[in-house]
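Asks: Encoded as structure tokens, here's the structure I'll be asking about.
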Amino acid sequence: MGELIMTQHTFVLGIETSCDETAASVVRDGTQILSNVVSSQIESHKRFGGVVPEIASRHHVEQVTYVVEEALVQAGLTIKEIDAIAVTEGPGLVGALIIGVNAAKAIAFAHNIPLVGVHHIAGHIYANRLVKEMKFPLLSLVVSGGHTELVYMKEHGSFEVIGETRDDAAGEAYDKVARTLGLPYPGGPHIDRLAQEGKPSVKLPRAWLEEGSYDFSFSGLKSSVINTLHNAEQRGEEIDPKDLAASFQESVIEVLVTKAERAVKEYKAEQLLLAGGVAANKGLRQRLEETFGDAGSIELIIPPLSLCTDNAAMIAAAGTISFEQGKRSGYALNANPGLELI
Amino acid sequence: MNVLVIDTSNFPLSIAVMNEQAVVAETLINSKKNHSIQAMPAIEALLQSVDLQPKDLDRIVVAKGPGSYTGVRIGVTLAKTLAWTLDIPVVGVSSLASLTGAGRYFDGLVCPVFDARRGQVYTGLYAFKDQQLTEVKEDVNILMETWLDQLAEMNEKVLFTGKDTAVFWELIQSKLGDRAIQSVVTEQVPRASEIGLIGMSMEPGNTHDVVPNYIRLAEAEAKWLERQQGERHE
Ligand SMILES: [Zn+2]
């Protein structure tokens with residue numbers, strides 16, 4: 001008989017319920033996905049034109065045990081083989097977060113398994129580690145429905161927000177512009193699709209803010225799109241929605257990519273990670289690839305679409321680091337809708 | 001049979017550990033606290049105080065509503081997740097039933113009341129037959145005035161329980177006069193053991209499918225349905 005080599009793996013169960021996806025996942029060693037189950041409620045919320053918090057919470061309580069069970073079954077593990085449970089504690093919708101947090105606490109308590117609360121954005125950033133090992137220092141461009149941030153990491157588990165939006169998140173601006181153009185919810189993907197077909201021929205502003213600032217602002221751009229449409233209407237002119245979408249997208253992407261490029265230089269980053277739901281945006285992906293592609297000294301990581309939108313594998317990945325660094329949450333862990341990334 | 005009972009459906013927190021012979025331990029915290037923070041540590045402390053481990057539990061009973069939407073969800077989430085992961089049955093029982101104990105030896109009907117704002121209540125009508133709780137009228141969300149008119153027609157004595165009866169007491173008396181009786185302060189609080197007693201003998205269903213009984217639709221859903229109906233009539 002050959003020599004039996006025992007390798008010690010770390011298995012983390014992740015649970016994510018911060019918005020309208022009920023998700024659970026098992027990740028090995030913080031890098032390999034064994035299962036990644038997402039039960040989306042998008043069909044339920046479509047008729048309301050956005051996520052209704054009470055309805056999201058109702059779905060989560062109906063789905064949560066099904067989803068966690070499926071994650072364990074697909075991973076081929078029993079709960080006894082899980083080393084830690086990671087759950088999104090914030091930010092997000094409080095009533096929705098509460099379901100994941102309490103389900104996680106119940107499992108942790110029942111089997112005396114360590115529990116770690118995870119910041120949702122830390123999760124989005126760590127989705128990248130499921131694609132490629134992180135190299136520090138790094139920068140992450142986080143773009144989602146609720147967030148637009150540039151985050152600097154000098155090592156695992158350390159986050160410094162060097163720039164953030166002062167008003168609307170990029171994803172929010174996408175949804176509002178989409179609504180103005182009469183596109184269905186969620187509007188982001190529709191704008192992206194239209195933009196691919198149009199030309200950025202409409203003059204729209206770029207909000208650079210003060211010299212040296214890494215902050216963002218998209219509310220002025222959003223108003224400008226609305227005004228442009230309104231004025232054209234009054235003059236009886238037609239603006240091609242494809243061109244307007246392309247112009248809007250061009251403005252958003254130019255600001256995001258230019259600021260990311262400057263930050264990468266200043267912070268001497270080894271990697272640039274794209275994170276958050278808007279990372280699914282084709283236009284943004286293309287521009288980042290053109291800018292940072294194979295040419296430079298920096299490595300660009302863009303996770304596949306399934307890891308950009310909300311999922312629990314990213315929470316398990318981020319939770320693995322917290323667990324390995326000895327961080328623990330008690331059974332008084334609560335949903336924290338305004339949790340800061342630190 | 002070791003039964004863990006959880007009631008977080010309104011602002012009191014009530015937890016019990018019981019078996020067929022006895023209520024082994026019971027927690028009642030009748031002050032506004034956050035169940036999402038407090039319930040799990042309270043369950044841990046209660047089990048610890050009677051030297052029980054989670055694996056020693058044989059069944060979970062939970063107050064499934066009506067009540068505060070978030071409150072009910074916290075209890076149901078804890079209960080069904082514990083039951084699922086420990087592979088034991090779970091049953092949901094009306095949250096109103098936890099306020100019926102005061103009527104066990106009362107010759108008449110028992111009416112637990114939760115204030116649901118704007119003159120509305122969550123309520124139901126119960127009676128004890130041979131000390132066994134029976135449902136006379138299903139739990140409802142209704143204008144208290146309409147509900148009391150229905151009770152007045154029944155011509156029976158009614159014992160009102162729950163702290164929210166105080167909010168409506170004048171109205172209750174004006175409708176039912178002497179036939180209305182108000183429970184005293186020690187019987188105004190939910191007792192997890194009351195629903196534990198009911199849930200202990202209930203046939204459990206699929207754990208995953210234990211969900212809150214909100215009685216009401218989510219507001220957005222109700223408005224959406226209204227709009228749909230409006231459009232159909234146009
Ligand atoms: Zn997200």
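Just remember, in the structure tokens the first chain shown is A, the second B, etc., residues are 1-based per chain, and ligands are 1-based in the order shown.
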May I ask you to write as number ranges by chain all residues lying at most 9 Å from ligand 1, with only C-alpha atoms and all ligand atoms counted?

Replies: A: 18-19, 92, 120-121, 123-124, 143-147, 275-277, 308-311

Asks: Residues of segment 47-213 of chain A classed as alpha helix (DSSP H) by DSSP on the backbone are to be reported as a VMD selection string.

Replies: chain A and resid 53 to 75 94 to 111 120 to 126 170 to 180 188 to 197

Asks: Mind checking which residues fall within 6 Å of Ala75 of chain A, counting only C-alpha atoms, ignoring those fewer than 2 positions away in the same chain, and posting them as a ChimeraX atom specification?

Replies: /A:34-35,72-73,77

Asks: Would you pick out the contacts of Phe114 of chain B at 7 Å or less, using only C-alpha atoms, so that residues sharing its chain but fewer than 2 positions from it are not included, and give the list as a ChimeraX atom specification?

Replies: /B:116,121-123,162,164

Asks: What residues in chain A have any atom no more than 6 Å from chain B when counting only C-alpha atoms, and can you write them as a short mmCIF file (atom, residue, chain, number, x, y, z; two decimals) with all heavy atoms, in the first residue's frame?

Replies:
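What follows is the written file iface.cif:
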```cif
data_model
loop_
_atom_site.label_atom_id
_atom_site.label_comp_id
_atom_site.auth_asym_id
_atom_site.auth_seq_id
_atom_site.Cartn_x
_atom_site.Cartn_y
_atom_site.Cartn_z
N ASN A 102 -29.49 34.70 11.21
CA ASN A 102 -30.08 33.81 12.20
C ASN A 102 -29.99 32.34 11.78
O ASN A 102 -29.81 31.47 12.64
CB ASN A 102 -31.50 34.23 12.54
CG ASN A 102 -31.50 35.41 13.51
OD1 ASN A 102 -31.34 35.23 14.70
ND2 ASN A 102 -31.60 36.61 12.98
N ALA A 103 -30.08 32.07 10.50
CA ALA A 103 -29.90 30.70 10.04
C ALA A 103 -28.47 30.24 10.32
O ALA A 103 -28.24 29.13 10.82
CB ALA A 103 -30.21 30.60 8.55
N ALA A 106 -27.98 29.53 13.98
CA ALA A 106 -28.62 28.28 14.39
C ALA A 106 -27.76 27.08 14.03
O ALA A 106 -27.58 26.16 14.85
CB ALA A 106 -30.01 28.16 13.74
N ALA A 110 -25.97 24.68 16.76
CA ALA A 110 -26.38 23.27 16.81
C ALA A 110 -25.17 22.33 16.79
O ALA A 110 -25.20 21.27 17.41
CB ALA A 110 -27.32 22.96 15.64
N TYR A 331 -22.96 34.52 19.24
CA TYR A 331 -24.36 34.28 18.89
C TYR A 331 -25.21 35.54 18.98
O TYR A 331 -26.38 35.51 18.63
CB TYR A 331 -24.95 33.16 19.76
CG TYR A 331 -24.25 31.84 19.51
CD1 TYR A 331 -23.95 30.97 20.55
CD2 TYR A 331 -23.90 31.46 18.21
CE1 TYR A 331 -23.30 29.77 20.32
CE2 TYR A 331 -23.24 30.27 17.97
CZ TYR A 331 -22.94 29.42 19.03
OH TYR A 331 -22.30 28.24 18.79
N ALA A 332 -24.61 36.64 19.44
CA ALA A 332 -25.32 37.92 19.42
C ALA A 332 -25.08 38.64 18.09
O ALA A 332 -25.50 39.79 17.92
CB ALA A 332 -24.89 38.79 20.59
N ASN A 334 -25.55 40.29 14.75
CA ASN A 334 -26.80 40.83 14.20
C ASN A 334 -26.59 41.32 12.77
O ASN A 334 -25.46 41.53 12.34
CB ASN A 334 -27.27 42.00 15.07
CG ASN A 334 -28.69 42.42 14.75
OD1 ASN A 334 -29.45 41.66 14.15
ND2 ASN A 334 -29.05 43.63 15.13
#
```

Asks: So that I can check the surroundings of segment 249-252 of chain A, please list as a VMD selection string every protein, DNA and RNA residue that reaches within 8 Å of it, counting only C-alpha atoms and ignoring chain neighbours fewer than 5 positions away.

Replies: chain A and resid 170 191 to 192 195 200 204 to 206 218 221 283

Asks: Please identify the strand (DSSP E or B) residues within segment 17-64 of chain A (assignment by DSSP from backbone atoms) and present them as a PyMOL selection string.

Replies: chain A and resi 21-28+32-40

Asks: For Leu159 of chain B, please output as a list in words all residues within 8 Å (counting only C-alpha atoms; exclusion window: fewer than 6 positions along the same chain).

Replies: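 Non-adjacent residues within range: Gly103, Phe106, Gly108, Leu109, Val110, Cys111, Ala180, Ile181, Gln182 and Ser183 of chain B.
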
Asks: Which polymer residues have any atom within 12 Å of an atom of Ala207 of chain A, counting only C-alpha atoms, with same-chain residues fewer than 3 positions away left out, as a ChimeraX atom specification?

Replies: /A:165-167,204,210-211,213-222,224,251-256,258-259

Asks: What is the distance, in Å and to one decimal place, between atom CA of Gly182 of chain A and atom CA of Arg285 of chain A?

Replies: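 We find that atom CA of Gly182 of chain A and atom CA of Arg285 of chain A lie 25.1 Å from each other.
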
Asks: With only C-alpha atoms as the basis for distance, which of A:Val131, A:Val161, A:Ile99, A:Leu194 is at the shortest distance from Thr31 of chain A?

Replies: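 The shortest atom-to-atom distance to Thr31 of chain A comes from A:Val131.
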
Asks: Could you check the closest approach to Leu176 of chain B for each of B:Thr8, B:Ser201, B:Gln150, B:Asn2 and tell me which residue wins, using only C-alpha atoms?

Replies: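 Nearest to Leu176 of chain B: B:Gln150.
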